[in-house]
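Pasting structure.cif here (mmCIF, C-alpha atoms):
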data_structure
#
loop_
_atom_site.label_atom_id
_atom_site.label_comp_id
_atom_site.auth_asym_id
_atom_site.auth_seq_id
_atom_site.Cartn_x
_atom_site.Cartn_y
_atom_site.Cartn_z
CA MET A 103 0.00 0.00 0.00
CA SER A 104 2.79 2.41 0.91
CA GLU A 105 4.32 1.89 -2.52
CA LEU A 106 1.02 2.82 -4.17
CA LEU A 107 0.70 6.01 -2.19
CA LYS A 108 4.29 7.02 -2.58
CA GLY A 109 4.61 10.35 -4.35
CA ASN A 110 0.90 10.69 -5.10
CA PHE A 111 0.51 13.92 -3.18
CA LYS A 112 2.38 16.65 -1.40
CA VAL A 113 1.82 17.82 2.13
CA ASN A 114 2.13 21.40 3.22
CA LYS A 115 3.95 20.67 6.46
CA ALA A 116 7.49 19.28 6.28
CA ILE A 117 7.70 15.83 7.88
CA ASP A 118 10.84 14.81 9.72
CA ASP A 119 10.96 11.04 9.38
CA GLN A 120 14.50 10.76 10.80
CA LYS A 121 14.95 8.92 14.03
CA SER A 122 14.12 11.21 16.92
CA GLU A 123 16.98 12.80 18.81
CA SER A 124 18.41 10.79 21.67
CA THR A 125 17.13 11.69 25.06
CA ALA A 126 19.48 13.36 27.51
CA GLU A 127 19.70 10.11 29.42
CA GLU A 128 20.65 8.13 26.32
CA LYS A 129 23.37 10.64 25.51
CA PHE A 130 24.60 10.51 29.07
CA GLU A 131 24.65 6.69 29.02
CA ARG A 132 26.53 6.56 25.73
CA GLU A 133 29.16 8.97 26.95
CA ALA A 134 29.52 7.17 30.28
CA LEU A 135 29.83 3.75 28.65
CA ARG A 136 32.59 4.99 26.39
CA LYS A 137 34.77 5.34 29.49
CA LEU A 138 34.03 1.80 30.64
CA GLY A 139 35.50 0.05 27.61
CA GLY A 140 38.53 -2.23 27.60
CA SER A 141 42.18 -1.36 27.00
CA ILE A 142 42.23 -2.49 23.39
CA ALA A 143 40.07 -4.31 20.87
CA PHE A 144 39.36 -8.02 20.66
CA VAL A 145 38.96 -9.55 17.20
CA SER A 146 37.25 -12.91 17.12
CA ARG A 147 39.14 -15.84 15.55
CA GLN A 148 42.30 -13.86 14.83
CA LYS A 149 45.84 -14.30 16.17
CA VAL A 150 48.67 -12.58 14.29
CA MET A 151 48.70 -11.02 10.84
CA TRP A 152 52.30 -10.94 9.67
CA ASP A 153 51.36 -9.47 6.34
CA LYS A 154 48.20 -8.67 4.42
CA SER A 155 48.42 -11.52 1.93
CA GLU A 156 48.40 -13.92 4.86
CA ALA A 157 45.09 -12.49 6.06
CA LYS A 158 43.63 -12.91 2.61
CA GLU A 159 44.91 -16.50 2.48
CA THR A 160 43.17 -17.20 5.78
CA LYS A 161 39.98 -15.75 4.39
CA ARG A 162 40.17 -17.93 1.29
CA ASP A 163 40.78 -21.01 3.43
CA LYS A 164 37.52 -20.52 5.31
CA MET B 246 23.27 12.62 37.01
CA SER B 247 23.01 8.83 36.90
CA LEU B 248 20.68 6.41 35.13
CA ASP B 249 17.09 6.45 36.45
CA ARG B 250 16.56 2.73 36.11
CA VAL B 251 19.34 0.19 36.52
CA PRO B 252 18.48 -3.47 35.71
CA GLN B 253 19.41 -6.12 38.24
CA ASP B 254 22.10 -7.65 35.97
CA PHE B 255 23.31 -4.38 34.53
CA GLY B 256 26.98 -5.43 34.53
CA ARG B 257 26.29 -8.61 32.59
CA ASP B 258 23.97 -6.76 30.25
CA LEU B 259 26.88 -4.52 29.28
CA LEU B 260 29.06 -7.44 28.12
CA LYS B 261 27.58 -7.55 24.63
CA ARG B 262 28.27 -3.83 24.29
CA LEU B 263 31.91 -4.04 25.38
CA PRO B 264 33.35 -4.33 21.86
CA GLN B 265 31.65 -1.09 20.81
CA MET B 266 32.45 0.60 24.14
CA THR B 267 36.11 -0.32 23.69
CA HIS B 268 36.08 0.93 20.11
CA ASP B 269 34.58 4.23 21.25
CA ARG B 270 37.09 4.53 24.05
CA ILE B 271 40.33 3.95 22.22
CA SER B 272 40.11 3.94 18.43
CA GLY B 273 40.47 7.67 17.80
CA LEU B 274 43.34 8.01 20.23
CA ALA B 275 44.98 4.83 18.96
CA LEU B 276 45.10 6.03 15.36
CA SER B 277 46.28 9.48 16.39
CA ASN B 278 49.09 7.96 18.47
CA ALA B 279 50.09 5.61 15.64
CA LYS B 280 50.43 8.50 13.22
CA ASN B 281 52.44 10.54 15.70
CA ASN B 282 54.71 7.62 16.56
CA ARG B 283 55.99 7.30 12.99
CA GLN B 284 58.74 9.75 13.90
CA TYR B 285 59.99 7.25 16.53
CA PHE B 286 59.97 4.03 14.50
CA ARG B 287 63.67 4.44 13.71
CA TYR B 288 64.46 3.85 17.40
CA GLY B 289 63.25 0.27 17.19
CA GLN B 290 62.58 -2.63 14.86
CA SER B 291 59.65 -4.82 13.94
CA ILE B 292 58.48 -7.50 16.35
CA ARG B 293 59.29 -9.90 13.52
CA ALA B 294 62.84 -9.76 14.88
CA VAL B 295 61.66 -11.26 18.17
CA ARG B 296 60.20 -14.23 16.32
CA ASP B 297 63.68 -15.11 15.14
CA THR B 298 65.35 -14.60 18.52
CA ALA B 299 65.79 -17.31 21.14
CA ILE B 300 63.99 -15.84 24.12
CA GLY B 301 64.03 -18.02 27.22
CA VAL B 302 65.13 -21.66 27.26
CA GLY B 303 62.82 -24.36 25.91
CA SER B 304 59.16 -24.23 25.01
CA SER B 305 57.69 -22.74 28.16
CA ALA B 306 56.89 -19.18 29.13
CA LEU B 307 55.45 -17.29 32.07
CA VAL B 308 53.31 -14.18 31.75
CA VAL B 309 53.52 -11.81 34.71
CA ALA B 310 50.49 -9.52 34.95
CA ALA B 311 49.62 -7.12 37.75
CA GLY B 312 46.28 -8.34 39.04
CA PRO B 313 45.63 -8.22 42.79
CA SER B 314 47.18 -11.66 43.34
CA LEU B 315 50.59 -10.37 42.28
CA HIS B 316 51.15 -8.85 45.71
CA ARG B 317 49.41 -11.63 47.65
CA LYS B 318 51.37 -14.59 46.32
CA GLN B 319 55.05 -15.43 46.24
CA TYR B 320 55.57 -15.81 42.53
CA ALA B 321 58.98 -14.15 42.32
CA THR B 322 60.43 -16.22 45.12
CA GLN B 323 59.30 -19.42 43.43
CA ILE B 324 60.64 -18.34 40.03
CA LYS B 325 64.05 -17.68 41.53
CA ASP B 326 64.16 -20.62 43.95
CA ARG B 327 63.24 -23.10 41.22
CA GLY B 328 65.57 -21.52 38.68
CA PHE B 329 62.91 -21.18 36.00
CA ASP B 330 64.71 -20.36 32.75
CA GLY B 331 61.83 -20.34 30.28
CA ALA B 332 60.73 -17.00 28.84
CA ILE B 333 59.35 -14.45 31.29
CA ILE B 334 57.02 -11.96 29.64
CA SER B 335 55.73 -9.11 31.74
CA THR B 336 52.99 -6.58 31.26
CA ASP B 337 54.05 -2.95 31.57
CA SER B 338 52.27 -2.94 34.93
CA GLY B 339 54.22 -5.98 36.13
CA LEU B 340 57.68 -4.71 35.21
CA VAL B 341 58.49 -2.92 38.45
CA TYR B 342 57.39 -5.96 40.47
CA CYS B 343 59.82 -8.08 38.48
CA LEU B 344 62.72 -5.64 38.75
CA ARG B 345 62.21 -5.08 42.46
CA ASN B 346 62.44 -8.84 42.91
CA GLY B 347 65.63 -9.15 40.91
CA ILE B 348 64.00 -10.49 37.75
CA VAL B 349 64.59 -8.81 34.40
CA PRO B 350 61.81 -10.09 32.13
CA ASP B 351 62.79 -11.43 28.72
CA LEU B 352 60.13 -9.26 27.14
CA VAL B 353 57.83 -6.49 28.37
CA VAL B 354 54.60 -5.62 26.55
CA THR B 355 52.70 -2.33 26.52
CA ILE B 356 49.59 -1.49 24.56
CA ASP B 357 47.00 0.90 26.06
CA PRO B 358 47.06 4.29 24.29
CA HIS B 359 46.15 6.36 27.37
CA ALA B 360 48.16 9.57 27.43
CA LYS B 361 48.93 9.90 31.13
CA ARG B 362 48.44 6.64 32.95
CA ILE B 363 50.53 4.01 31.17
CA VAL B 364 53.75 5.98 31.38
CA ARG B 365 53.50 5.68 35.15
CA TRP B 366 54.54 2.02 34.90
CA PHE B 367 57.87 3.25 33.53
CA GLY B 368 58.11 6.37 35.71
CA ASP B 369 56.68 9.67 34.51
CA PRO B 370 59.34 12.38 34.30
CA GLU B 371 56.60 15.04 34.18
CA LEU B 372 54.50 13.85 37.12
CA SER B 373 53.62 16.63 39.57
CA ALA B 374 51.39 17.15 42.59
CA LYS B 375 49.02 19.06 40.30
CA CYS B 376 48.72 16.05 37.97
CA LEU B 377 47.86 13.85 40.93
CA GLN B 378 45.10 16.20 42.06
CA GLN B 379 43.44 15.71 38.70
CA ASP B 380 43.65 11.90 38.62
CA ASP B 381 43.52 9.53 41.60
CA TYR B 382 43.42 6.44 39.33
CA PHE B 383 46.46 4.80 40.90
CA SER B 384 46.24 5.91 44.52
CA ARG B 385 42.76 4.52 45.18
CA GLN B 386 43.21 1.13 43.53
CA ASP B 387 43.93 -2.28 44.99
CA MET B 388 47.45 -2.41 43.65
CA ASP B 389 50.91 -1.87 44.99
CA ARG B 390 50.62 -0.15 48.37
CA ALA B 391 53.55 2.07 47.44
CA PHE B 392 51.24 3.99 45.13
CA ALA B 393 49.77 5.62 48.23
CA ASP B 394 52.73 8.01 48.12
CA GLU B 395 52.71 8.53 44.40
CA LEU B 396 55.43 11.11 43.95
CA ALA B 397 57.93 9.10 46.01
CA TYR B 398 56.92 5.93 44.21
CA ASN B 399 57.31 7.62 40.83
CA ARG B 400 60.84 8.69 41.74
CA GLU B 401 61.66 5.11 42.69
CA VAL B 402 60.26 3.79 39.41
CA LEU B 403 62.15 6.38 37.40
CA ALA B 404 65.40 5.32 39.05
CA LEU B 405 64.66 1.62 38.63
CA ILE B 406 63.79 1.91 34.94
CA ASP B 407 66.75 4.20 34.27
CA ARG B 408 68.97 1.56 35.85
CA TYR B 409 67.59 -1.47 34.05
CA GLY B 410 66.15 0.07 30.88
CA SER B 411 69.02 -0.98 28.65
CA LYS B 412 68.41 -4.62 29.64
CA VAL B 413 64.72 -4.52 28.79
CA ARG B 414 63.21 -5.67 25.49
CA LEU B 415 59.94 -3.82 24.99
CA ALA B 416 57.18 -5.00 22.64
CA LEU B 417 55.89 -1.50 22.04
CA SER B 418 52.47 -1.03 20.53
CA THR B 419 52.34 1.55 17.76
CA VAL B 420 49.26 3.03 19.44
CA SER B 421 51.06 3.73 22.72
CA SER B 422 51.21 7.32 23.88
CA GLU B 423 54.12 9.55 22.96
CA GLN B 424 54.95 9.76 26.67
CA VAL B 425 55.49 6.00 26.84
CA VAL B 426 57.49 5.94 23.62
CA ARG B 427 59.79 8.75 24.72
CA ARG B 428 60.30 7.14 28.12
CA ALA B 429 61.20 3.83 26.50
CA ILE B 430 63.72 5.53 24.24
CA ALA B 431 65.18 7.69 27.01
CA SER B 432 65.71 4.71 29.30
CA GLY B 433 67.51 2.77 26.55
CA MET B 434 65.01 -0.04 26.08
CA GLN B 435 65.33 -2.26 23.03
CA ILE B 436 62.12 -1.56 21.13
CA PHE B 437 60.08 -3.98 19.00
CA TRP B 438 57.09 -2.40 17.27
CA TRP B 439 53.75 -4.09 16.60
CA ASN B 440 50.20 -3.07 15.76
CA PRO B 441 47.29 -4.18 17.91
CA MET B 442 44.33 -5.32 15.86
CA LEU B 443 41.60 -2.71 16.12
CA ASP B 444 39.12 -4.59 13.92
CA ASP B 445 38.97 -7.56 11.55
CA PRO B 446 42.15 -7.50 9.43
CA GLN B 447 40.42 -9.44 6.67
CA LYS B 448 38.33 -6.38 5.86
CA ASP B 449 39.52 -2.90 5.04
CA GLY B 450 39.41 -0.92 8.25
CA LEU B 451 41.48 0.41 11.12
CA THR B 452 43.81 -2.61 11.36
CA THR B 453 44.64 -2.54 7.67
CA ASP B 454 45.11 1.23 7.94
CA LEU B 455 47.72 0.64 10.63
CA PHE B 456 49.44 -2.03 8.59
CA ASP B 457 49.48 0.16 5.47
CA MET B 458 50.91 3.00 7.56
CA ASN B 459 53.88 1.12 8.99
CA GLY B 460 54.07 -2.52 7.83
CA PHE B 461 54.44 -3.93 11.34
CA PRO B 462 52.69 -7.23 12.20
CA CYS B 463 49.20 -6.93 13.65
CA ILE B 464 48.47 -8.91 16.82
CA ASN B 465 45.13 -9.68 18.41
CA ALA B 466 45.63 -8.39 21.95
CA CYS B 467 42.30 -9.82 23.14
CA GLY B 468 41.30 -6.68 25.01
CA ASN B 469 44.16 -6.15 27.41
CA VAL B 470 47.89 -6.21 27.90
CA GLY B 471 48.01 -9.48 29.86
CA ALA B 472 46.27 -11.31 27.06
CA ALA B 473 48.59 -9.60 24.58
CA CYS B 474 51.59 -11.04 26.48
CA TRP B 475 50.01 -14.47 26.27
CA MET B 476 49.31 -14.17 22.55
CA ILE B 477 52.88 -13.02 21.89
CA ALA B 478 54.25 -15.91 23.97
CA GLY B 479 52.36 -18.48 21.94
CA GLU B 480 52.11 -16.99 18.47
CA VAL B 481 55.28 -14.87 18.19
CA LEU B 482 57.76 -16.66 20.47
CA ARG B 483 56.08 -20.00 19.67
CA LYS B 484 56.12 -21.27 23.23
CA ARG B 485 53.97 -24.38 23.66
CA HIS B 486 53.30 -24.14 27.40
CA VAL B 487 52.35 -20.73 28.76
CA GLY B 488 51.74 -20.09 32.46
CA LEU B 489 49.87 -17.05 33.72
CA LEU B 490 50.62 -15.16 36.94
CA GLY B 491 48.62 -12.23 38.31
CA MET B 492 45.89 -12.69 35.69
CA ASP B 493 42.94 -12.25 38.04
CA PHE B 494 40.53 -10.29 35.81
CA SER B 495 38.77 -9.55 39.09
CA TYR B 496 39.08 -8.26 42.65
CA TYR B 497 39.12 -10.27 45.85
CA ASP B 498 35.81 -10.31 47.67
CA GLY B 499 35.83 -7.56 50.27
CA THR B 500 37.86 -5.13 48.18
CA PRO B 501 36.17 -1.71 48.50
CA TYR B 502 34.44 -0.67 45.29
CA ARG B 503 36.39 2.56 45.51
CA SER B 504 39.59 0.56 45.01
CA THR B 505 38.52 -0.75 41.60
CA GLN B 506 39.62 0.57 38.24
CA TYR B 507 36.32 1.92 36.89
CA TYR B 508 34.86 3.12 40.20
CA GLU B 509 34.53 6.80 39.28
CA GLU B 510 32.88 6.01 35.95
CA ALA B 511 30.56 3.43 37.53
CA MET B 512 29.49 5.92 40.20
CA LYS B 513 28.63 8.48 37.56
CA LEU B 514 26.69 5.95 35.52
CA VAL B 515 24.62 4.10 38.12
CA GLY B 516 25.14 5.89 41.44
CA GLU B 517 26.39 4.41 44.68
CA ARG B 518 23.16 2.59 45.55
CA ASN B 519 23.35 0.55 42.32
CA LEU B 520 27.00 -0.47 42.36
CA ASP B 521 26.11 -4.07 43.29
CA LYS B 522 24.27 -4.32 39.97
CA PHE B 523 27.28 -3.02 38.07
CA PHE B 524 29.81 -5.55 39.35
CA ILE B 525 29.71 -9.25 38.43
CA ARG B 526 30.40 -11.79 41.16
CA THR B 527 32.02 -15.15 40.36
CA HIS B 528 32.85 -18.11 42.59
CA ASN B 529 36.17 -19.78 41.89
CA PRO B 530 35.77 -23.46 42.87
CA TYR B 531 39.52 -24.11 42.61
CA VAL B 532 40.34 -21.79 45.50
CA GLY B 533 36.89 -21.75 47.12
CA GLN B 534 36.61 -17.98 47.06
CA TRP B 535 34.38 -15.29 45.56
CA PHE B 536 35.67 -12.58 43.29
CA PHE B 537 34.00 -9.66 41.55
CA SER B 538 34.71 -7.89 38.27
CA ASP B 539 33.67 -4.78 36.46
CA PRO B 540 32.18 -5.55 33.03
CA ALA B 541 35.41 -4.87 31.14
CA TYR B 542 37.36 -7.39 33.20
CA TYR B 543 34.65 -10.01 32.86
CA TRP B 544 34.70 -9.41 29.11
CA TYR B 545 38.47 -9.98 29.18
CA ARG B 546 37.79 -13.37 30.76
CA GLU B 547 35.24 -14.37 28.16
CA VAL B 548 37.31 -13.39 25.14
CA PHE B 549 40.41 -15.01 26.65
CA LEU B 550 38.63 -18.32 27.15
CA GLU B 551 37.24 -18.15 23.63
CA THR B 552 40.65 -17.47 22.12
CA ALA B 553 42.42 -20.04 24.30
CA SER B 554 40.17 -22.71 22.79
CA GLN B 555 41.47 -21.79 19.31
CA VAL B 556 45.25 -21.64 19.83
CA ASP B 557 47.71 -24.49 19.42
CA PHE B 558 49.59 -23.96 22.67
CA LYS B 559 48.57 -24.92 26.18
CA THR B 560 47.60 -22.38 28.83
CA TYR B 561 48.03 -22.82 32.57
CA ASN B 562 46.58 -20.21 34.89
CA CYS B 563 48.85 -20.23 37.95
CA THR B 564 47.44 -17.03 39.45
CA GLU B 565 45.87 -18.99 42.33
CA GLY B 566 42.96 -16.57 42.41
CA GLY B 567 40.56 -14.67 40.17
CA ILE B 568 38.08 -15.82 37.56
CA LEU B 569 40.11 -17.07 34.58
CA PHE B 570 39.26 -20.74 34.45
CA GLY B 571 37.44 -22.94 31.94
CA GLU B 572 37.90 -25.85 29.56
CA SER B 573 40.62 -24.15 27.56
CA VAL B 574 42.70 -23.03 30.56
CA SER B 575 44.17 -25.35 33.18
CA PHE B 576 43.85 -23.75 36.58
CA ILE B 577 46.74 -25.10 38.65
CA PRO B 578 48.98 -23.89 41.50
CA PHE B 579 52.18 -22.23 40.38
CA SER B 580 54.16 -24.92 42.18
CA GLY B 581 52.41 -27.51 39.97
CA PHE B 582 53.46 -25.66 36.82
CA LEU B 583 57.04 -25.53 38.08
CA ASP B 584 56.90 -29.23 38.98
CA MET B 585 55.93 -30.08 35.40
CA TRP B 586 58.66 -27.82 34.07
CA THR B 587 61.23 -29.44 36.38
CA ALA B 588 60.09 -32.91 35.33
CA GLY B 589 60.73 -32.03 31.70
CA ARG B 590 57.07 -32.25 30.68
CA PHE B 591 57.32 -29.03 28.69
CA ASN B 592 60.16 -30.25 26.47
#

What is this structure when it is put down as structure tokens?
Amino acid sequence: MSELLKGNFKVNKAIDDQKSESTAEEKFEREALRKLGGSIAFVSRQKVMWDKSEAKETKRDK
Amino acid sequence: MSLDRVPQDFGRDLLKRLPQMTHDRISGLALSNAKNNRQYFRYGQSIRAVRDTAIGVGSSALVVAAGPSLHRKQYATQIKDRGFDGAIISTDSGLVYCLRNGIVPDLVVTIDPHAKRIVRWFGDPELSAKCLQQDDYFSRQDMDRAFADELAYNREVLALIDRYGSKVRLALSTVSSEQVVRRAIASGMQIFWWNPMLDDPQKDGLTTDLFDMNGFPCINACGNVGAACWMIAGEVLRKRHVGLLGMDFSYYDGTPYRSTQYYEEAMKLVGERNLDKFFIRTHNPYVGQWFFSDPAYYWYREVFLETASQVDFKTYNCTEGGILFGESVSFIPFSGFLDMWTAGRFN
């Protein structure tokens, strides 16, 4: 139905269909959590990449 | 301000968000440090050189990390009394413990890009009373008691590192702060550069950016410097039997919350009345004791156990405390590890 209606008319009032702004609490939580992260990243199923071609080989092997 | 509603298992709920939280915390700083450190690469060489160097005798290694057990157990005495001659790999935070006990590690590893804190493990030439007023990170934690008098302790560390620096091999992360890099150079350490993986190296991203920038090998540090030592022991030095010391990933039951690493941030997030929901409690059946962790440390445990199940070398946790135990990690007393080493079972 939405496809049928799409572009069939224009509305006078601009509609903001973007996701609503985060609340103050969500912003606060996001900022606070940033400080609770670990020392460095963890990458699943990886050990050492000696060179880039090796990483690509590993990918092909999977 | 703190959160209005805090779920009962808030700490555990955060675990699935830890990868993103870690990315948000360090990625920008890590890349900035790596770019800035290009001017210092000529003072060291690639960690590839370590792969081709005989470090420690035989196929065993010990990782010395600075969890709370480090100052409760007698690791150093046992290492010396038993004459352990396998590789000893220390975290930056464990280096002073080793040196004070007459042990020069075969390799020291540093990784965290923080601008002010990590250099303290090597002695901060610029530390002042004013700096300390702005950051009580070290003085309030359950670590070395000497940190209570931080300026005096810093002077001692400066002297110790200046004395032994030229004997220290440092696996220096390219994302380390300039303060750490300059301190390593000034104290005469032998530097071996490496990149920590910041994301999947099989896709174009931050890790491949680092590699393209400098060509140094990229190592999965599994979230923290202790795990990075372990990975380097097994995958770079190719040791087949790796023992862990001071790898608690937790605090002893009864430790005041204020003495934990993320206390200030946890207080701001959930408030004092909800701190019990923030920390994760774990019973260790091997030692019959309870421990508690902040979410980051519990995440370290989970990713370590996952990775340990995928490597080709054997891991023995000889910490005698903490929460790092599972199918992929043998939890044994340190004396048991040394008994096996003495009996030639690691040959």

(request) Might you spell out which residues the PyMOL selection byres ((chain B and resi 266-274) around 8) would select in the displayed file, as a ChimeraX atom specification? (result) /A:135-143 /B:262-265,275-278,358-359,420,443

(request) Enter the distance from atom CA of Ala416 of chain B to atom CA of Val574 of chain B, in Å, rounded to one decimal. (result)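 Atom-to-atom, atom CA of Ala416 of chain B to atom CA of Val574 of chain B, that is 24.4 Å.
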
On this structure, the PyMOL selection byres ((chain A) within 9 of (chain B)) would catch which residues? List them as a PDB file with C-alpha atoms, keeping the file's coordinate frame, sorted by chain and number.
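Wrote result-v4.pdb, looks like this:
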ATOM      1  CA  GLU A 127      19.700  10.110  29.420  1.00  0.00           C
ATOM      2  CA  GLU A 128      20.650   8.130  26.320  1.00  0.00           C
ATOM      3  CA  PHE A 130      24.600  10.510  29.070  1.00  0.00           C
ATOM      4  CA  GLU A 131      24.650   6.690  29.020  1.00  0.00           C
ATOM      5  CA  ARG A 132      26.530   6.560  25.730  1.00  0.00           C
ATOM      6  CA  ALA A 134      29.520   7.170  30.280  1.00  0.00           C
ATOM      7  CA  LEU A 135      29.830   3.750  28.650  1.00  0.00           C
ATOM      8  CA  ARG A 136      32.590   4.990  26.390  1.00  0.00           C
ATOM      9  CA  LYS A 137      34.770   5.340  29.490  1.00  0.00           C
ATOM     10  CA  LEU A 138      34.030   1.800  30.640  1.00  0.00           C
ATOM     11  CA  GLY A 139      35.500   0.050  27.610  1.00  0.00           C
ATOM     12  CA  GLY A 140      38.530  -2.230  27.600  1.00  0.00           C
ATOM     13  CA  SER A 141      42.180  -1.360  27.000  1.00  0.00           C
ATOM     14  CA  ILE A 142      42.230  -2.490  23.390  1.00  0.00           C
ATOM     15  CA  ALA A 143      40.070  -4.310  20.870  1.00  0.00           C
ATOM     16  CA  PHE A 144      39.360  -8.020  20.660  1.00  0.00           C
ATOM     17  CA  VAL A 145      38.960  -9.550  17.200  1.00  0.00           C
ATOM     18  CA  SER A 146      37.250 -12.910  17.120  1.00  0.00           C
ATOM     19  CA  ARG A 147      39.140 -15.840  15.550  1.00  0.00           C
ATOM     20  CA  GLN A 148      42.300 -13.860  14.830  1.00  0.00           C
ATOM     21  CA  LYS A 149      45.840 -14.300  16.170  1.00  0.00           C
ATOM     22  CA  VAL A 150      48.670 -12.580  14.290  1.00  0.00           C
ATOM     23  CA  MET A 151      48.700 -11.020  10.840  1.00  0.00           C
ATOM     24  CA  TRP A 152      52.300 -10.940   9.670  1.00  0.00           C
ATOM     25  CA  ASP A 153      51.360  -9.470   6.340  1.00  0.00           C
ATOM     26  CA  LYS A 154      48.200  -8.670   4.420  1.00  0.00           C
ATOM     27  CA  ALA A 157      45.090 -12.490   6.060  1.00  0.00           C
ATOM     28  CA  LYS A 158      43.630 -12.910   2.610  1.00  0.00           C
ATOM     29  CA  THR A 160      43.170 -17.200   5.780  1.00  0.00           C
ATOM     30  CA  LYS A 161      39.980 -15.750   4.390  1.00  0.00           C
TER      31      LYS A 161
END

(request) For atom CA of Ile324 of chain B and atom CA of Thr587 of chain B, quote the distance in Å rounded to one decimal. (result)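 Those two atoms sit 11.7 Å apart.
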
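Here atom CA of Glu423 of chain B is placed at a distance of 11.7 Å from atom CA of Phe286 of chain B.
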
Can you give me, as a compact mmCIF listing (two decimals) with C-alpha atoms, in the frame of the given file, the residues this file yields under the PyMOL selection byres ((chain B and resi 494-496) around 6)?
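Saved as result_29.txt:
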# COMPACT_ATOMS: atom_id res chain seq x y z
CA MET B 492 45.89 -12.69 35.69
CA ASP B 493 42.94 -12.25 38.04
CA TYR B 497 39.12 -10.27 45.85
CA PHE B 536 35.67 -12.58 43.29
CA PHE B 537 34.00 -9.66 41.55
CA SER B 538 34.71 -7.89 38.27
CA TYR B 542 37.36 -7.39 33.20
CA GLY B 567 40.56 -14.67 40.17
